[in-house]
>>> print(open('coords_16.txt').read())   # compact mmCIF, C-alpha atoms
# COMPACT_ATOMS: atom_id res chain seq x y z
CA MET N 1 -49.87 -34.36 11.48
CA ASN N 2 -50.94 -33.82 15.08
CA LEU N 3 -48.83 -31.56 17.25
CA SER N 4 -48.28 -31.63 21.02
CA ALA N 5 -48.79 -27.84 21.17
CA ARG N 6 -52.26 -27.55 22.65
CA ASN N 7 -53.48 -24.26 21.31
CA GLN N 8 -54.38 -24.23 17.62
CA LEU N 9 -56.59 -21.29 16.70
CA LYS N 10 -58.01 -20.85 13.22
CA GLY N 11 -57.71 -17.38 11.74
CA THR N 12 -56.94 -15.21 8.72
CA ILE N 13 -53.80 -13.23 7.88
CA LYS N 14 -54.48 -9.49 7.96
CA SER N 15 -50.98 -8.21 7.20
CA ILE N 16 -47.36 -9.28 6.83
CA LYS N 17 -44.36 -7.02 7.39
CA LYS N 18 -41.01 -8.50 6.48
CA GLY N 19 -37.74 -7.35 8.01
CA ASP N 20 -34.27 -8.51 7.00
CA LEU N 21 -34.47 -11.80 8.96
CA MET N 22 -37.74 -11.75 10.90
CA ALA N 23 -41.33 -11.02 9.87
CA GLU N 24 -44.38 -9.80 11.73
CA VAL N 25 -47.64 -11.52 10.81
CA VAL N 26 -50.94 -10.11 12.09
CA VAL N 27 -53.74 -12.66 12.29
CA GLU N 28 -57.45 -12.12 12.98
CA ILE N 29 -58.93 -14.77 15.24
CA GLY N 30 -62.58 -14.51 16.24
CA GLY N 31 -62.59 -10.74 15.99
CA GLN N 32 -59.35 -10.32 17.93
CA GLU N 33 -55.88 -9.62 16.58
CA LEU N 34 -52.97 -11.91 17.31
CA VAL N 35 -49.42 -10.88 16.34
CA SER N 36 -46.80 -13.47 15.41
CA VAL N 37 -43.08 -12.95 14.85
CA ILE N 38 -41.50 -15.73 12.76
CA THR N 39 -38.51 -15.83 10.43
CA ALA N 40 -38.93 -14.15 7.04
CA SER N 41 -37.75 -17.39 5.42
CA SER N 42 -40.69 -19.24 7.05
CA VAL N 43 -43.07 -16.69 5.51
CA ASP N 44 -41.53 -17.54 2.13
CA ARG N 45 -41.39 -21.30 2.73
CA LEU N 46 -45.11 -21.42 3.69
CA GLY N 47 -46.02 -18.93 0.95
CA LEU N 48 -47.96 -16.81 3.45
CA LYS N 49 -49.93 -13.85 2.12
CA THR N 50 -52.70 -11.52 3.29
CA GLY N 51 -56.09 -13.25 3.36
CA ASP N 52 -54.71 -16.77 3.88
CA ALA N 53 -56.63 -19.06 6.22
CA ILE N 54 -54.04 -20.25 8.75
CA THR N 55 -53.79 -21.80 12.20
CA ALA N 56 -51.98 -19.99 15.00
CA VAL N 57 -50.16 -22.53 17.17
CA ILE N 58 -49.11 -21.73 20.75
CA LYS N 59 -47.64 -24.03 23.41
CA ALA N 60 -49.57 -24.07 26.69
CA THR N 61 -46.42 -23.16 28.64
CA GLU N 62 -46.19 -19.90 26.66
CA VAL N 63 -49.61 -18.59 27.73
CA MET N 64 -49.38 -16.35 30.80
CA ILE N 65 -52.36 -15.24 32.86
CA ALA N 66 -52.90 -11.65 34.08
CA LYS N 67 -55.64 -10.64 36.51
CA MET W 1 -48.74 -1.47 33.88
CA ASN W 2 -48.18 -1.91 30.15
CA LEU W 3 -46.32 -4.98 28.99
CA SER W 4 -44.14 -5.48 25.89
CA ALA W 5 -45.90 -8.81 25.19
CA ARG W 6 -48.14 -7.94 22.26
CA ASN W 7 -50.98 -10.39 22.61
CA GLN W 8 -53.37 -9.73 25.46
CA LEU W 9 -56.67 -11.55 25.02
CA LYS W 10 -59.56 -11.10 27.44
CA GLY W 11 -61.28 -14.29 28.58
CA THR W 12 -62.82 -16.29 31.41
CA ILE W 13 -61.35 -19.20 33.38
CA LYS W 14 -63.26 -22.43 32.66
CA SER W 15 -61.23 -24.84 34.78
CA ILE W 16 -58.06 -25.16 36.83
CA LYS W 17 -56.21 -28.42 37.49
CA LYS W 18 -53.34 -28.19 39.95
CA GLY W 19 -50.43 -30.63 39.96
CA ASP W 20 -47.64 -30.70 42.53
CA LEU W 21 -45.69 -27.78 40.98
CA MET W 22 -47.50 -26.82 37.80
CA ALA W 23 -51.14 -26.07 37.02
CA GLU W 24 -53.25 -26.23 33.88
CA VAL W 25 -55.67 -23.35 33.39
CA VAL W 26 -58.30 -23.55 30.64
CA VAL W 27 -59.54 -20.17 29.43
CA GLU W 28 -62.46 -19.36 27.12
CA ILE W 29 -61.65 -16.57 24.67
CA GLY W 30 -64.27 -15.55 22.12
CA GLY W 31 -65.78 -19.01 21.98
CA GLN W 32 -62.42 -20.78 21.66
CA GLU W 33 -60.46 -22.59 24.37
CA LEU W 34 -56.92 -21.62 25.26
CA VAL W 35 -54.86 -23.80 27.62
CA SER W 36 -52.20 -22.28 29.87
CA VAL W 37 -49.62 -24.09 32.00
CA ILE W 38 -48.24 -21.92 34.81
CA THR W 39 -46.83 -22.71 38.25
CA ALA W 40 -49.32 -23.80 40.90
CA SER W 41 -47.90 -21.09 43.16
CA SER W 42 -48.86 -18.45 40.58
CA VAL W 43 -52.43 -19.77 40.63
CA ASP W 44 -52.41 -19.25 44.41
CA ARG W 45 -50.62 -15.88 44.27
CA LEU W 46 -53.15 -14.47 41.76
CA GLY W 47 -56.06 -16.20 43.55
CA LEU W 48 -57.28 -17.66 40.27
CA LYS W 49 -60.58 -19.55 40.28
CA THR W 50 -63.17 -20.78 37.77
CA GLY W 51 -65.26 -17.93 36.37
CA ASP W 52 -62.59 -15.25 36.85
CA ALA W 53 -62.25 -12.62 34.13
CA ILE W 54 -58.57 -12.71 33.13
CA THR W 55 -56.23 -11.70 30.33
CA ALA W 56 -54.18 -14.31 28.48
CA VAL W 57 -50.77 -12.84 27.61
CA ILE W 58 -48.61 -14.29 24.83
CA LYS W 59 -45.36 -12.95 23.35
CA ALA W 60 -45.43 -12.50 19.56
CA THR W 61 -42.32 -14.70 19.17
CA GLU W 62 -44.25 -17.61 20.74
CA VAL W 63 -47.02 -17.63 18.12
CA MET W 64 -46.28 -20.08 15.30
CA ILE W 65 -48.19 -20.19 12.02
CA ALA W 66 -49.41 -23.42 10.36
CA LYS W 67 -50.92 -23.57 6.88
CA MET D 1 -50.10 -28.96 7.49
CA ASN D 2 -46.88 -26.96 7.20
CA LEU D 3 -45.58 -25.22 10.30
CA SER D 4 -43.48 -22.05 10.61
CA ALA D 5 -41.22 -23.79 13.17
CA ARG D 6 -38.10 -24.47 11.13
CA ASN D 7 -36.63 -27.50 12.82
CA GLN D 8 -38.49 -30.76 12.26
CA LEU D 9 -36.37 -33.80 13.06
CA LYS D 10 -37.60 -37.34 12.48
CA GLY D 11 -37.02 -39.79 15.30
CA THR D 12 -38.35 -42.62 17.45
CA ILE D 13 -39.73 -42.51 21.00
CA LYS D 14 -37.45 -44.38 23.41
CA SER D 15 -39.32 -43.77 26.66
CA ILE D 16 -42.18 -41.80 28.19
CA LYS D 17 -42.45 -40.85 31.87
CA LYS D 18 -45.72 -39.26 32.91
CA GLY D 19 -46.04 -36.99 35.93
CA ASP D 20 -49.26 -35.53 37.28
CA LEU D 21 -49.51 -32.76 34.65
CA MET D 22 -46.34 -32.92 32.57
CA ALA D 23 -44.56 -35.78 30.79
CA GLU D 24 -40.98 -36.41 29.72
CA VAL D 25 -40.55 -37.98 26.31
CA VAL D 26 -37.11 -39.23 25.24
CA VAL D 27 -36.63 -39.39 21.48
CA GLU D 28 -33.76 -40.93 19.48
CA ILE D 29 -32.74 -38.82 16.50
CA GLY D 30 -29.87 -39.96 14.33
CA GLY D 31 -28.14 -41.76 17.19
CA GLN D 32 -28.55 -38.86 19.61
CA GLU D 33 -31.10 -38.45 22.41
CA LEU D 34 -33.45 -35.50 22.56
CA VAL D 35 -35.61 -34.93 25.64
CA SER D 36 -39.02 -33.25 25.37
CA VAL D 37 -41.27 -32.06 28.19
CA ILE D 38 -44.90 -31.67 27.10
CA THR D 39 -48.21 -31.94 28.96
CA ALA D 40 -49.33 -35.43 29.97
CA SER D 41 -52.65 -34.73 28.27
CA SER D 42 -50.82 -34.14 24.95
CA VAL D 43 -49.19 -37.57 25.34
CA ASP D 44 -52.70 -39.03 25.70
CA ARG D 45 -54.22 -36.90 22.93
CA LEU D 46 -51.52 -37.95 20.41
CA GLY D 47 -51.54 -41.55 21.71
CA LEU D 48 -47.75 -41.50 22.08
CA LYS D 49 -46.01 -44.74 23.05
CA THR D 50 -42.48 -46.19 23.01
CA GLY D 51 -41.35 -47.08 19.49
CA ASP D 52 -43.55 -44.52 17.73
CA ALA D 53 -42.05 -42.73 14.73
CA ILE D 54 -42.49 -39.02 15.50
CA THR D 55 -41.16 -35.62 14.50
CA ALA D 56 -39.49 -33.36 17.06
CA VAL D 57 -40.39 -29.74 16.30
CA ILE D 58 -38.27 -26.84 17.59
CA LYS D 59 -38.54 -23.12 16.80
CA ALA D 60 -35.31 -21.55 15.51
CA THR D 61 -35.42 -18.90 18.26
CA GLU D 62 -35.22 -21.67 20.88
CA VAL D 63 -31.91 -23.09 19.65
CA MET D 64 -28.95 -21.59 21.50
CA ILE D 65 -25.33 -21.97 20.40
CA ALA D 66 -22.46 -22.83 22.78
CA LYS D 67 -18.80 -22.76 21.77
CA MET L 1 -19.97 -25.22 33.23
CA ASN L 2 -22.93 -27.59 33.27
CA LEU L 3 -26.28 -26.27 32.14
CA SER L 4 -29.79 -27.35 33.18
CA ALA L 5 -30.88 -27.33 29.52
CA ARG L 6 -31.04 -31.04 28.72
CA ASN L 7 -30.41 -31.13 25.02
CA GLN L 8 -26.84 -30.42 23.94
CA LEU L 9 -26.13 -31.61 20.42
CA LYS L 10 -22.66 -31.40 18.88
CA GLY L 11 -22.50 -30.04 15.35
CA THR L 12 -20.77 -27.81 12.82
CA ILE L 13 -21.77 -24.36 11.57
CA LYS L 14 -22.72 -24.48 7.88
CA SER L 15 -23.70 -20.84 7.36
CA ILE L 16 -24.36 -17.57 9.18
CA LYS L 17 -26.62 -14.79 7.90
CA LYS L 18 -26.56 -11.61 9.94
CA GLY L 19 -29.43 -9.12 9.99
CA ASP L 20 -29.43 -5.76 11.73
CA LEU L 21 -30.11 -7.20 15.21
CA MET L 22 -30.66 -10.93 14.78
CA ALA L 23 -28.68 -13.63 12.99
CA GLU L 24 -29.58 -16.99 11.50
CA VAL L 25 -27.08 -19.78 12.11
CA VAL L 26 -27.45 -23.08 10.25
CA VAL L 27 -25.85 -26.05 12.00
CA GLU L 28 -25.29 -29.59 10.73
CA ILE L 29 -25.96 -32.23 13.37
CA GLY L 30 -25.58 -35.89 12.44
CA GLY L 31 -26.50 -35.27 8.83
CA GLN L 32 -29.52 -33.10 9.65
CA GLU L 33 -29.79 -29.32 9.56
CA LEU L 34 -30.79 -27.31 12.61
CA VAL L 35 -31.52 -23.58 12.28
CA SER L 36 -30.85 -21.20 15.17
CA VAL L 37 -31.85 -17.54 15.47
CA ILE L 38 -29.76 -15.63 18.02
CA THR L 39 -28.72 -11.99 18.33
CA ALA L 40 -26.09 -10.73 15.89
CA SER L 41 -24.11 -9.47 18.87
CA SER L 42 -23.93 -13.03 20.27
CA VAL L 43 -22.48 -14.18 16.93
CA ASP L 44 -19.79 -11.51 17.37
CA ARG L 45 -19.25 -12.18 21.08
CA LEU L 46 -18.72 -15.94 20.49
CA GLY L 47 -16.72 -15.27 17.30
CA LEU L 48 -18.87 -17.75 15.38
CA LYS L 49 -17.90 -18.57 11.80
CA THR L 50 -18.63 -21.23 9.17
CA GLY L 51 -16.94 -24.53 9.99
CA ASP L 52 -16.85 -23.99 13.76
CA ALA L 53 -17.52 -27.00 15.98
CA ILE L 54 -20.32 -25.91 18.30
CA THR L 55 -23.00 -27.30 20.59
CA ALA L 56 -26.68 -26.59 19.94
CA VAL L 57 -28.47 -26.19 23.27
CA ILE L 58 -32.24 -26.62 23.58
CA LYS L 59 -34.42 -26.70 26.70
CA ALA L 60 -36.62 -29.81 26.99
CA THR L 61 -39.75 -27.66 27.35
CA GLU L 62 -39.07 -26.19 23.87
CA VAL L 63 -39.17 -29.53 22.05
CA MET L 64 -42.64 -30.28 20.67
CA ILE L 65 -43.73 -33.67 19.35
CA ALA L 66 -45.68 -34.15 16.11
CA LYS L 67 -47.16 -37.50 15.03
CA MET P 1 -18.02 -23.01 27.18
CA ASN P 2 -19.52 -19.73 26.05
CA LEU P 3 -23.26 -19.60 25.42
CA SER P 4 -25.24 -17.40 23.02
CA ALA P 5 -27.77 -16.68 25.78
CA ARG P 6 -26.89 -13.12 26.75
CA ASN P 7 -28.01 -12.91 30.35
CA GLN P 8 -25.86 -14.79 32.82
CA LEU P 9 -26.42 -13.63 36.39
CA LYS P 10 -24.37 -14.98 39.29
CA GLY P 11 -26.34 -15.96 42.38
CA THR P 12 -26.90 -18.43 45.21
CA ILE P 13 -29.56 -21.14 45.55
CA LYS P 14 -31.96 -20.33 48.41
CA SER P 15 -34.33 -23.28 48.09
CA ILE P 16 -35.25 -26.22 45.88
CA LYS P 17 -38.68 -27.86 45.74
CA LYS P 18 -38.89 -31.01 43.66
CA GLY P 19 -42.14 -32.23 42.11
CA ASP P 20 -42.59 -35.51 40.25
CA LEU P 21 -41.03 -34.24 36.98
CA MET P 22 -40.31 -30.55 37.46
CA ALA P 23 -38.50 -28.62 40.20
CA GLU P 24 -38.67 -25.04 41.42
CA VAL P 25 -35.31 -23.45 42.25
CA VAL P 26 -35.24 -20.09 44.05
CA VAL P 27 -32.04 -18.10 43.48
CA GLU P 28 -30.86 -14.92 45.20
CA ILE P 29 -29.24 -12.47 42.79
CA GLY P 30 -28.00 -9.13 44.09
CA GLY P 31 -30.60 -9.01 46.85
CA GLN P 32 -33.48 -10.00 44.55
CA GLU P 33 -35.15 -13.39 44.17
CA LEU P 34 -35.33 -15.17 40.83
CA VAL P 35 -37.44 -18.31 40.44
CA SER P 36 -36.48 -21.03 37.96
CA VAL P 37 -38.51 -24.06 36.91
CA ILE P 38 -36.36 -26.83 35.41
CA THR P 39 -36.73 -30.62 35.27
CA ALA P 40 -36.16 -32.51 38.50
CA SER P 41 -33.67 -34.70 36.64
CA SER P 42 -31.59 -31.60 35.81
CA VAL P 43 -31.48 -30.76 39.53
CA ASP P 44 -30.07 -34.26 40.12
CA ARG P 45 -27.72 -34.21 37.12
CA LEU P 46 -26.17 -30.88 38.22
CA GLY P 47 -26.23 -31.94 41.90
CA LEU P 48 -27.93 -28.66 42.86
CA LYS P 49 -28.45 -27.93 46.56
CA THR P 50 -29.24 -24.96 48.79
CA GLY P 51 -26.27 -22.59 49.14
CA ASP P 52 -24.69 -23.49 45.78
CA ALA P 53 -23.13 -20.67 43.78
CA ILE P 54 -24.77 -20.86 40.36
CA THR P 55 -25.40 -18.78 37.25
CA ALA P 56 -28.95 -18.03 36.11
CA VAL P 57 -29.05 -18.04 32.30
CA ILE P 58 -31.82 -16.26 30.37
CA LYS P 59 -32.16 -15.66 26.61
CA ALA P 60 -32.66 -12.01 25.65
CA THR P 61 -35.84 -12.88 23.73
CA GLU P 62 -37.38 -14.17 26.97
CA VAL P 63 -37.06 -10.87 28.87
CA MET P 64 -40.22 -8.77 28.58
CA ILE P 65 -40.43 -5.11 29.58
CA ALA P 66 -43.31 -3.63 31.64
CA LYS P 67 -43.75 0.09 32.24
CA MET B 1 -52.72 -6.04 36.84
CA ASN B 2 -50.96 -9.04 38.36
CA LEU B 3 -49.15 -11.41 36.03
CA SER B 4 -48.47 -15.15 36.42
CA ALA B 5 -44.85 -14.61 35.32
CA ARG B 6 -42.97 -14.93 38.59
CA ASN B 7 -39.89 -12.84 38.01
CA GLN B 8 -40.46 -9.09 37.97
CA LEU B 9 -37.26 -7.15 38.49
CA LYS B 10 -37.21 -3.37 38.79
CA GLY B 11 -34.56 -1.57 36.76
CA THR B 12 -33.61 1.34 34.54
CA ILE B 13 -33.19 1.44 30.76
CA LYS B 14 -29.56 2.09 29.81
CA SER B 15 -29.84 1.92 26.03
CA ILE B 16 -32.20 1.03 23.19
CA LYS B 17 -31.10 -0.10 19.72
CA LYS B 18 -33.88 -0.46 17.18
CA GLY B 19 -33.64 -2.73 14.14
CA ASP B 20 -36.20 -2.98 11.37
CA LEU B 21 -38.58 -5.23 13.33
CA MET B 22 -36.89 -6.06 16.62
CA ALA B 23 -35.19 -3.90 19.25
CA GLU B 24 -32.53 -4.57 21.86
CA VAL B 25 -33.14 -2.96 25.24
CA VAL B 26 -30.37 -2.96 27.85
CA VAL B 27 -31.60 -2.66 31.44
CA GLU B 28 -29.61 -2.11 34.63
CA ILE B 29 -30.91 -4.15 37.55
CA GLY B 30 -29.10 -3.94 40.88
CA GLY B 31 -25.76 -3.20 39.28
CA GLN B 32 -26.09 -5.95 36.68
CA GLU B 33 -27.04 -5.64 33.00
CA LEU B 34 -29.98 -7.53 31.54
CA VAL B 35 -30.56 -7.53 27.78
CA SER B 36 -34.06 -7.81 26.33
CA VAL B 37 -35.07 -8.32 22.70
CA ILE B 38 -38.65 -7.23 21.99
CA THR B 39 -40.40 -5.94 18.87
CA ALA B 40 -39.57 -2.38 17.80
CA SER B 41 -43.30 -1.65 17.75
CA SER B 42 -43.51 -2.56 21.47
CA VAL B 43 -40.73 -0.04 22.18
CA ASP B 44 -42.89 2.58 20.42
CA ARG B 45 -46.17 1.44 22.00
CA LEU B 46 -44.70 1.63 25.55
CA GLY B 47 -42.82 4.84 24.70
CA LEU B 48 -39.59 3.36 26.08
CA LYS B 49 -36.54 5.62 26.30
CA THR B 50 -33.16 5.68 28.04
CA GLY B 51 -33.48 6.40 31.76
CA ASP B 52 -37.02 5.01 32.11
CA ALA B 53 -37.81 3.07 35.28
CA ILE B 54 -39.19 -0.27 34.07
CA THR B 55 -39.82 -3.82 35.22
CA ALA B 56 -38.15 -6.76 33.51
CA VAL B 57 -40.56 -9.71 33.43
CA ILE B 58 -39.33 -13.29 32.98
CA LYS B 59 -41.28 -16.56 33.22
CA ALA B 60 -39.81 -19.08 35.68
CA THR B 61 -39.65 -21.74 32.95
CA GLU B 62 -37.29 -19.48 30.97
CA VAL B 63 -34.62 -19.29 33.68
CA MET B 64 -31.93 -21.95 33.23
CA ILE B 65 -29.35 -22.84 35.87
CA ALA B 66 -25.63 -23.32 35.12
CA LYS B 67 -23.14 -24.67 37.67
>>> encode(input="coords_16.txt", output="structure tokens")
Amino acid sequence: MNLSARNQLKGTIKSIKKGDLMAEVVVEIGGQELVSVITASSVDRLGLKTGDAITAVIKATEVMIAK
Amino acid sequence: MNLSARNQLKGTIKSIKKGDLMAEVVVEIGGQELVSVITASSVDRLGLKTGDAITAVIKATEVMIAK
Amino acid sequence: MNLSARNQLKGTIKSIKKGDLMAEVVVEIGGQELVSVITASSVDRLGLKTGDAITAVIKATEVMIAK
Amino acid sequence: MNLSARNQLKGTIKSIKKGDLMAEVVVEIGGQELVSVITASSVDRLGLKTGDAITAVIKATEVMIAK
Amino acid sequence: MNLSARNQLKGTIKSIKKGDLMAEVVVEIGGQELVSVITASSVDRLGLKTGDAITAVIKATEVMIAK
Amino acid sequence: MNLSARNQLKGTIKSIKKGDLMAEVVVEIGGQELVSVITASSVDRLGLKTGDAITAVIKATEVMIAK
């Protein structure tokens, strides 16, 4: 499956913190940390756990630039 | 200024392509490419140009996980 | 590849209109029309054309409810 | 009231799960399920409950295409 | 029609600039300017023009805080 | 730091309600209320509290128009 979302960065899950509905997933990508908030049920559905090799997917319109 | 958006990745602008209203900015971050679509007027307002050191800013809720 | 985005609806591309940077893709899903705006370069990268069987992907946090 | 968001799909609420701040609303639309995450206070403000006829509203820029 | 999106600010359209697919709508709200980028076809569909009394609608999850 | 996000509205925090992962921040801006949902850890990281002078930041593509 190819996805229109342009940014697909390979990384590793460092930690997962589940709340009642949402979950916070910290990913290491090339030495930097990227934080993702998804639903807790998606964490379960994908079977995500610390150490998993995953891809972080981000739409181009969601990337802001600061200078 | 500190921003609630959790992900702030330092990088360098590789290319800018301006359309009539929107612009596509390609950023190199730790050896990976990240594509950003912002308004062309923001490119002008920030004076963005190839080679600029910038920060890519992404809200945690906009980072999806694929496995 | 499984994706954290919860909503994945199967449909067919009815029309594609490309602008200078962005593109408008109209999809038919179960008798209803869904409009997607993605980058024109993603249309090229995925090789999208009218009649293609595709999946529309939408994050749960992007679905509002009106009543 | 007309809204600029292009996608407005009529459906029925199948279930609501409220967390401390957010809520997950499952909607049936033409035989398919669509999941929405909104604030729990919006569920209260709109008086949403299972069986309600509602409209799911999605901006065109939030619809990705996978192929 | 009530919408789950929490922020609904009344204002007046100051200017509209249409590109090939997208449009930039500048709104005055309580003495401040708010810029909206929507599809050009939504501008046509709603019949938006300078001077119109409109409501700017923003989901709570899209409002970041800087300090 | 200048940010590509066009809308930067100065305001004051009226209330903060923290959930397990997310938090709801109500801001007063020119006599109107704006509600923001960010992560609870961002509330801590920025040290946000009632009465703080802050800036609400919103991307132009996230502002819908209703008429």
>>> residues_around(input="coords_16.txt", residues="segment 5-18 of chain B", least_positions_apart="2", cutoff="8 Å", atoms="all atoms listed in the file", output="number ranges by chain")
N: 64-65; W: 42; L: 21; P: 32-35; B: 3, 20-30, 40, 49-60
>>> closest_residue(input="coords_16.txt", among="W:Lys67, W:Met1, W:Ile38, W:Arg45", to="chain D", atoms="only C-alpha atoms")
W:Lys67
>>> closest_residue(input="coords_16.txt", among="L:Val37, L:Thr61, L:Leu48, L:Ala66", to="chain B", atoms="only C-alpha atoms")
L:Thr61
>>> atom_distance(input="coords_16.txt", atom1="atom CA of Gly19 of chain B", atom2="atom CA of Asp44 of chain L")
16.7 Å
>>> atom_distance(input="coords_16.txt", atom1="atom CA of Ser41 of chain D", atom2="atom CA of Glu62 of chain L")
16.6 Å
>>> atom_distance(input="coords_16.txt", atom1="atom CA of Thr39 of chain L", atom2="atom CA of Val63 of chain D")
11.6 Å
>>> axis_aligned_box(input="coords_16.txt", around="segment 43-54 of chain L", padding_each_side="8 Å", output="JSON")
{"center_x": -19.6, "center_y": -19.3, "center_z": 15.1, "size_x": 21.8, "size_y": 31.5, "size_z": 27.9}
>>> decode(input="coords_16.txt", residues="segment 22-46 of chain N", atoms="N, CA and C atoms", output="PDB file, in the first residue's frame")
ATOM      1  N   MET N  22      -6.660   7.956  24.513  1.00  0.00           N
ATOM      2  CA  MET N  22      -5.531   8.298  23.654  1.00  0.00           C
ATOM      3  C   MET N  22      -4.263   7.646  24.201  1.00  0.00           C
ATOM      4  N   ALA N  23      -3.219   7.628  23.376  1.00  0.00           N
ATOM      5  CA  ALA N  23      -1.926   7.090  23.799  1.00  0.00           C
ATOM      6  C   ALA N  23      -0.820   7.961  23.216  1.00  0.00           C
ATOM      7  N   GLU N  24       0.274   8.029  23.961  1.00  0.00           N
ATOM      8  CA  GLU N  24       1.426   8.821  23.529  1.00  0.00           C
ATOM      9  C   GLU N  24       2.544   7.838  23.193  1.00  0.00           C
ATOM     10  N   VAL N  25       3.014   7.894  21.960  1.00  0.00           N
ATOM     11  CA  VAL N  25       4.051   6.974  21.499  1.00  0.00           C
ATOM     12  C   VAL N  25       5.291   7.797  21.159  1.00  0.00           C
ATOM     13  N   VAL N  26       6.406   7.499  21.832  1.00  0.00           N
ATOM     14  CA  VAL N  26       7.656   8.197  21.543  1.00  0.00           C
ATOM     15  C   VAL N  26       8.498   7.319  20.625  1.00  0.00           C
ATOM     16  N   VAL N  27       8.947   7.925  19.517  1.00  0.00           N
ATOM     17  CA  VAL N  27       9.668   7.198  18.481  1.00  0.00           C
ATOM     18  C   VAL N  27      11.053   7.817  18.324  1.00  0.00           C
ATOM     19  N   GLU N  28      12.082   6.981  18.149  1.00  0.00           N
ATOM     20  CA  GLU N  28      13.409   7.521  17.835  1.00  0.00           C
ATOM     21  C   GLU N  28      13.653   7.403  16.344  1.00  0.00           C
ATOM     22  N   ILE N  29      13.991   8.551  15.743  1.00  0.00           N
ATOM     23  CA  ILE N  29      14.201   8.603  14.293  1.00  0.00           C
ATOM     24  C   ILE N  29      15.526   9.296  14.029  1.00  0.00           C
ATOM     25  N   GLY N  30      16.522   8.546  13.633  1.00  0.00           N
ATOM     26  CA  GLY N  30      17.823   9.136  13.304  1.00  0.00           C
ATOM     27  C   GLY N  30      18.402   9.940  14.454  1.00  0.00           C
ATOM     28  N   GLY N  31      18.254   9.425  15.667  1.00  0.00           N
ATOM     29  CA  GLY N  31      18.853  10.110  16.811  1.00  0.00           C
ATOM     30  C   GLY N  31      17.984  11.196  17.410  1.00  0.00           C
ATOM     31  N   GLN N  32      16.843  11.493  16.751  1.00  0.00           N
ATOM     32  CA  GLN N  32      15.936  12.491  17.310  1.00  0.00           C
ATOM     33  C   GLN N  32      14.658  11.807  17.792  1.00  0.00           C
ATOM     34  N   GLU N  33      14.000  12.447  18.747  1.00  0.00           N
ATOM     35  CA  GLU N  33      12.733  11.908  19.251  1.00  0.00           C
ATOM     36  C   GLU N  33      11.557  12.562  18.550  1.00  0.00           C
ATOM     37  N   LEU N  34      10.568  11.755  18.222  1.00  0.00           N
ATOM     38  CA  LEU N  34       9.339  12.247  17.624  1.00  0.00           C
ATOM     39  C   LEU N  34       8.207  11.698  18.486  1.00  0.00           C
ATOM     40  N   VAL N  35       7.282  12.567  18.906  1.00  0.00           N
ATOM     41  CA  VAL N  35       6.171  12.137  19.753  1.00  0.00           C
ATOM     42  C   VAL N  35       4.899  12.061  18.919  1.00  0.00           C
ATOM     43  N   SER N  36       4.158  10.988  19.071  1.00  0.00           N
ATOM     44  CA  SER N  36       2.903  10.777  18.356  1.00  0.00           C
ATOM     45  C   SER N  36       1.780  10.548  19.347  1.00  0.00           C
ATOM     46  N   VAL N  37       0.646  11.191  19.123  1.00  0.00           N
ATOM     47  CA  VAL N  37      -0.549  10.909  19.916  1.00  0.00           C
ATOM     48  C   VAL N  37      -1.585  10.262  19.002  1.00  0.00           C
ATOM     49  N   ILE N  38      -1.916   9.011  19.266  1.00  0.00           N
ATOM     50  CA  ILE N  38      -2.918   8.274  18.494  1.00  0.00           C
ATOM     51  C   ILE N  38      -3.934   7.692  19.479  1.00  0.00           C
ATOM     52  N   THR N  39      -4.964   7.029  18.986  1.00  0.00           N
ATOM     53  CA  THR N  39      -5.919   6.444  19.929  1.00  0.00           C
ATOM     54  C   THR N  39      -5.300   5.192  20.566  1.00  0.00           C
ATOM     55  N   ALA N  40      -5.684   4.937  21.819  1.00  0.00           N
ATOM     56  CA  ALA N  40      -5.204   3.748  22.520  1.00  0.00           C
ATOM     57  C   ALA N  40      -5.645   2.483  21.786  1.00  0.00           C
ATOM     58  N   SER N  41      -6.811   2.545  21.142  1.00  0.00           N
ATOM     59  CA  SER N  41      -7.281   1.351  20.420  1.00  0.00           C
ATOM     60  C   SER N  41      -6.422   1.086  19.177  1.00  0.00           C
ATOM     61  N   SER N  42      -5.819   2.125  18.591  1.00  0.00           N
ATOM     62  CA  SER N  42      -4.896   1.892  17.468  1.00  0.00           C
ATOM     63  C   SER N  42      -3.604   1.247  17.946  1.00  0.00           C
ATOM     64  N   VAL N  43      -3.156   1.619  19.154  1.00  0.00           N
ATOM     65  CA  VAL N  43      -1.978   0.957  19.733  1.00  0.00           C
ATOM     66  C   VAL N  43      -2.249  -0.545  19.864  1.00  0.00           C
ATOM     67  N   ASP N  44      -3.452  -0.879  20.344  1.00  0.00           N
ATOM     68  CA  ASP N  44      -3.828  -2.287  20.495  1.00  0.00           C
ATOM     69  C   ASP N  44      -3.979  -2.967  19.135  1.00  0.00           C
ATOM     70  N   ARG N  45      -4.690  -2.323  18.230  1.00  0.00           N
ATOM     71  CA  ARG N  45      -4.962  -2.904  16.912  1.00  0.00           C
ATOM     72  C   ARG N  45      -3.663  -3.218  16.157  1.00  0.00           C
ATOM     73  N   LEU N  46      -2.670  -2.302  16.247  1.00  0.00           N
ATOM     74  CA  LEU N  46      -1.382  -2.534  15.568  1.00  0.00           C
ATOM     75  C   LEU N  46      -0.442  -3.396  16.416  1.00  0.00           C
TER      76      LEU N  46
END
